[in-house]
Amino acid sequence: MSTLEKLRDRASTVVGLTGTASHQWRSRLINAGPVVALVVLIIVFAITSSVFLTGSNLATIGSQLSILLVLAVGMTFVILLGSIDLSSEGVMAASSLIFVLLASNDRNGNNFGWLAVGAGIGTGALFGLINGFFHTKFGIPSFMVTLGTGAIGLGVATVLFGGQPPRLMDGTLRRLGVASWFGVSALLYISLGVFVVALLIQKYTRVGRYGYVIGGDEGIASISGINIKKYKIGAFVISGTCAGLAGVMASAQLDVGDVNIGTGLLFTAISAVVVGGTILSGGRGGVLKTLIGSLIIVVLANGLILAGISPDVQIAVQSVVIVAAVAITSWPLRKRVRVVK
Amino acid sequence: MNQDRVMKLPRHGRRGTKFTCIVALGALALAGCSTISSQSSGSKTGANKAVNPKNLLLVESVRSLSNPYHAQWVKGGQMFADSVGAKLTVLTDEGDSQKQLSGISSLANSGKTIVLNVDPNTNSDTQAIVRTVSAAGGYVVTQWNKPAGFEPWGVGNNWVSHISFDGNVGGEQVANTLFTAMGGSGGIIALQGILDNVSSQQRFTGLNKALSSKPGIKLLDQQTANWDRNQAFKVTQTLLSKYGNKVKGVWAANDNMALGAIQALNSAGMLGKVPIVSASDAVPEALQDIKAGKDGLLATVSTDAYWQGGAAMALAYDAAIGKIDVNKLTHEQRAFYGTQLLVTKANVDKVLTPPTAESLKADFADPFKRMTGAIGN
């Protein structure tokens with residue numbers, strides 16, 4: 001294959017110009033895989049549990065989806081670049097503490113209300129900016145930078161924590177964390193709002209569009225004259241901002257500023273993104289897929305409890321389903337020249 | 001050309017590496033010998049030699065300072081260190097066993113004799129920690145985690161004692177408090193800690209024992225929430241949508257999970273209508289909730305983290321300075337359960353007041369004062 005042909009092939013992969021019929025069939029399957037998996041799960045759980053499809057349980061699923069979705073949607077932008085953001089748990093910890101200590105709480109006399117919410121989210125954005133800056137300007141691999149800043153976030157949070165979790169006392173914000181509007185958790189409205197904004201960013205802005213190009217092939221993107229650094233930083237800021245918001249939401253939900261507020265959520269979020277069909281090597285995927293992936297994860301955890309599966313085997317069953325889902329989703333891609341890292 | 005250069009380089013490199021390795025190994029071996037010969041005071045049977053208090057290094061090794069329990073633990077250790085005029089070093093590992101072991105290992109071999117009070121992350125870490133400290137001639141008291149059948153007297157005098165708390169007792173006591181509040185009948189849900197954790201299993205066994213004597217109470221479901229508040233929130237939410245109003249009580253294996261369950265009840269509009277108990281920890285938040293009495297949290301169990309940090313350190317210290325002859329300790333004294341306290345609204349004020357160096361003085365003088373019995377395997 002000549003260099004020109006290779007380039008054209010790579011370019012078509014990046015942009016998604018799928019010429020042949022088999023290509024189209026494949027791409028349809030990639031898109032349909034996670035949706036099929038979700039539908040199968042829903043059918044199985046609807047059969048095994050009479051409670052699963054009741055209104056109250058769907059509300060529960062919605063509430064459990066909210067924080068994970070916000071975190072995973074942000075993560076999607078970074079994974080689309082072929083990078084990773086491992087700082088989420090640390091960022092959530094820092095934003096959680098900063099938010100609660102600035103809002104009305106039982107530790108100090110602050111009462112900044114919604115400004116505290118802004119500060120919590122801003123903390124996340126700042127961490128994202130730092131991640132993006134060090135990753136692009138110094139060429140440090142993203143996993144290394146974000147692992148480090150995540151630890152910094154945990155450190156900041158631990159200092160602020162001072163041995164005892166501060167409790168959130170702001171009535172409005174406390175209610176927001178557990179309130180339901182028309183039977184749906186208030187936090188779900190927020191996360192769906194984030195989802196819609198993210199979808200618009202992905203479809204209609206340069207950060208979103210160029211993300212695919214950069215993730216697909218950074219070389220081509222660079223030759224095309226795209227300011228890669230700028231858009232990479234943009235993606236990390238989105239991810240950080242989402243993590244900051246997730247920290248604030250989790251704090252409002254649990255009424256507390258806690259270093260461990262995001263424990264376990266990092267890998268759940270990455271799983272949600274990947275199960276949804278976004279590829280870790282970048283260039284393919286999107287926030288819509290992440291919505292499906294997040295739903296799969298939440299429905300699975302909820303359904304296994306409802307189905308009465310013993311807690312001893314739940315985690316194994318959960319992981320088997322996730323690995324199987326990823327394997328099925330990526331099956332049509334196995335022949336692509338994609339290096340698995 | 002290029003390939004030639006690449007081929008040649010490793011040969012030189014390899015010879016250099018080999019030489020470096022040999023030198024490094026030699027140095028390590030020398031260092032190892034000198035450590036053992038100068039500090040191998042701890043044999044299995046020989047009396048422990050008294051160490052000059054000035055040459056002691058007091059170390060508390062705990063998971064993290066980001067939870068109130070270990071923060072109180074360290075404060076207790078500080079009170080003891082102040083009482084003997086020593087400096088306290090605190091090691092935190094954020095749940096990373098390797099970090100814990102390497103931290104302990106470097107301090108144990110720093111030239112001073114280490115006096116260690118440690119909360120090992122897992123059962124398997126205990127073995128490595130006590131062997132490291134013993135090899136360096138230090139003194140160690142371990143708490144909570146220990147493999148069954150692996151005993152201090154089988155290792156030597158440098159592992160002074162192991163302290164734990166009988167989860168059976170706490171789990172059963174709070175369950176009975178819950179059942180009384182429920183009027184002796186109705187369904188409950190249970191939140192367990194990490195399933196392969198001994199304390200979690202003991203506490204759940206305690207709950208089952210209480211259940212067996214109260215036929216009116218039905219255990220609707222039991223799930224793990226891994227000691228975590230977030231997970232407890234989600235699991236309780238799901239269980240509430242599964243069982244709805246049939247849930248008349250919640251039993252949690254620790255405070256964090258009980259607090260998560262409270263928020264789940266809150267979001268389901270059931271706050272204050274369902275009584276909750278926690279089988280361990282007595283963190284300040286839970287105590288304040290019990291005191292306020294409006295969220296439904298009725299009881300928790302306190303092991304007194306200040307005592308765990310201070311009195312256990314006193315025990316290791318006494319062995320190091322020769323005040324306690326480890327040879328003369330009974331097996332019970334070397335692996336014992338400490339006292340725990342059932343905390344309800346009646347006595348919560350007392351527990352909310354942090355102890356002072358003065359109030360702990362008697363426990364520092366006699367570290368066995370709160371011993372309740374031998375740890376059975």
# chains A, B, ... in the order shown; residues from 1 in each chain; ligands from 1

$ closest_atom_pairs --of "chain B" --to "chain A" --cutoff "8 Å" --atoms "only C-alpha atoms" --output "CSV"
residue,atom,partner,partner_atom,distance
B:Leu65,CA,A:Gly163,CA,6.0
B:Ser66,CA,A:Thr158,CA,5.3
B:Asn67,CA,A:Gly163,CA,5.8
B:Pro68,CA,A:Gly163,CA,4.9
B:Ala71,CA,A:Gly163,CA,5.3
B:Gln72,CA,A:Gly163,CA,7.8
B:Leu195,CA,A:Asp312,CA,7.2
B:Gln222,CA,A:Pro311,CA,7.7
B:Gln223,CA,A:Pro311,CA,5.5
B:Thr224,CA,A:Pro311,CA,6.3
B:Asn230,CA,A:Ile261,CA,7.0
B:Lys234,CA,A:Gln64,CA,6.6
B:Val235,CA,A:Asn302,CA,7.9
B:Gln237,CA,A:Thr60,CA,6.4
B:Thr238,CA,A:Asn302,CA,6.1
B:Leu239,CA,A:Leu306,CA,7.5
B:Ser241,CA,A:Asn57,CA,5.3
B:Lys242,CA,A:Val51,CA,6.0
B:Gly260,CA,A:Leu254,CA,6.8
B:Gln263,CA,A:Leu254,CA,6.0
B:Asn266,CA,A:Val178,CA,6.9
B:Ser267,CA,A:Val178,CA,4.6
B:Pro284,CA,A:Gln164,CA,7.5
B:Glu285,CA,A:Pro165,CA,7.9

$ select_by_dssp --residues "range 103-218 of chain B" --states "strand (DSSP E or B)" --output "list in words"
Thr113, Ile114, Val115, Leu116, Asn117, Val118, Tyr139, Val140, Val141, Thr142, Gln143, Trp159, Val160, Ser161, His162, Ile163, Ser164, Gly186, Gly187, Ile188, Ile189, Ala190, Leu191, Gln192, Ile217 and Lys218 of chain B

$ closest_residue --among "A:Leu129, A:Ala235, A:Val299, A:Leu188" --to "Gly82 in chain A" --atoms "only C-alpha atoms"
A:Ala235

$ closest_residue --among "B:Lys75, B:Ala86, B:Val274, B:Gly373" --to "Leu57 in chain B" --atoms "only C-alpha atoms"
B:Ala86

$ residues_around --residues "range 159-173 of chain B" --least-positions-apart "6" --cutoff "8 Å" --atoms "only C-alpha atoms" --output "PyMOL selection string"
chain B and resi 130+133-134+139-146+152-153+199-210+253+279-280+301+303+315-316+319+326+333-340+342+375
